[in-house]
Amino acid sequence: MVEDRMKRIYFKFYKETYKSSQIDRKTKELIAIAASLGFKCEGCLQGHVEKALQYGASPEEISEDIFITMGVAAASVVDQSDILSERMQLKLFE
C-alpha cells in the first residue's frame with residue numbers, strides 16, 4: 001500500500017544504515033533485534049536474528065539483547081504508571 005517511489009527511498013535509507021561505520025554489523029543487528037521487538041515487527045525480528053547469527057552473534061548474546069529489551073519495556077510500564085499516578089495524585093501503596 002506504499003507508493004513505489006517511497007519504497008525506493010526507504011530501501012535506500014535502510015541499506016545506508018547497514019554500511020560500514022563505527023558500529024560493527026553484529027552490533028547493528030543486535031540493535032535491530034531490540035528495535036524489532038519494541039516496534040513489534042515480526043518479519044524484521046526473524047531477519048535480524050538470522051543476520052545477527054550470520055555476523056557472529058552467539059545465541060547467548062541474542063538472549064541477553066532480548067533480556068535488555070524486556071527490561072526497557074518493563075521500565076516503560078513503571079514510568080508511565082508513575083507519571084499517571086502523580087498526575088492523578090493516586091497513592092495506591094504507602
# chains A, B, ... in the order shown; residues from 1 in each chain; ligands from 1
call {"tool": "select_by_dssp", "arguments": {"residues": "chain A", "states": "helix (DSSP H, G or I)", "output": "PyMOL selection string"}}
result
chain A and resi 4-17+25-38+42-54+59-88
call {"tool": "closest_atom_pairs", "arguments": {"of": "segment 8-61 of chain A", "to": "segment 69-78 of chain A", "cutoff": "8 Å", "atoms": "only C-alpha atoms", "output": "tab-separated table"}}
result
residue	atom	partner	partner_atom	distance
A:Ala34	CA	A:Thr69	CA	5.6
A:Leu37	CA	A:Thr69	CA	7.5
A:Gly38	CA	A:Thr69	CA	7.4
call {"tool": "closest_residue", "arguments": {"among": "A:Arg8, A:Leu90, A:Asp79, A:Leu45", "to": "Ile31 of chain A", "atoms": "only C-alpha atoms"}}
result
A:Leu45
call {"tool": "closest_residue", "arguments": {"among": "A:Phe11, A:Phe93, A:Tyr18, A:Phe67", "to": "His48 of chain A", "atoms": "only C-alpha atoms"}}
result
A:Tyr18
call {"tool": "atom_distance", "arguments": {"atom1": "atom CA of Ser21 of chain A", "atom2": "atom CA of Asp4 of chain A"}}
result
28.3 Å
call {"tool": "atom_distance", "arguments": {"atom1": "atom CA of Cys41 of chain A", "atom2": "atom CA of Ser20 of chain A"}}
result
24.2 Å
call {"tool": "closest_residue", "arguments": {"among": "A:Leu30, A:Leu92, A:Lys7, A:Val2", "to": "Ala57 of chain A", "atoms": "only C-alpha atoms"}}
result
A:Leu30
call {"tool": "atom_distance", "arguments": {"atom1": "atom CA of Phe39 of chain A", "atom2": "atom CA of Tyr10 of chain A"}}
result
16.8 Å
call {"tool": "residues_around", "arguments": {"residues": "Ala52 of chain A", "least_positions_apart": "5", "cutoff": "8 Å", "atoms": "only C-alpha atoms", "output": "JSON, numbers by chain"}}
result
{"A": [25, 26, 27, 29, 30, 57, 62]}
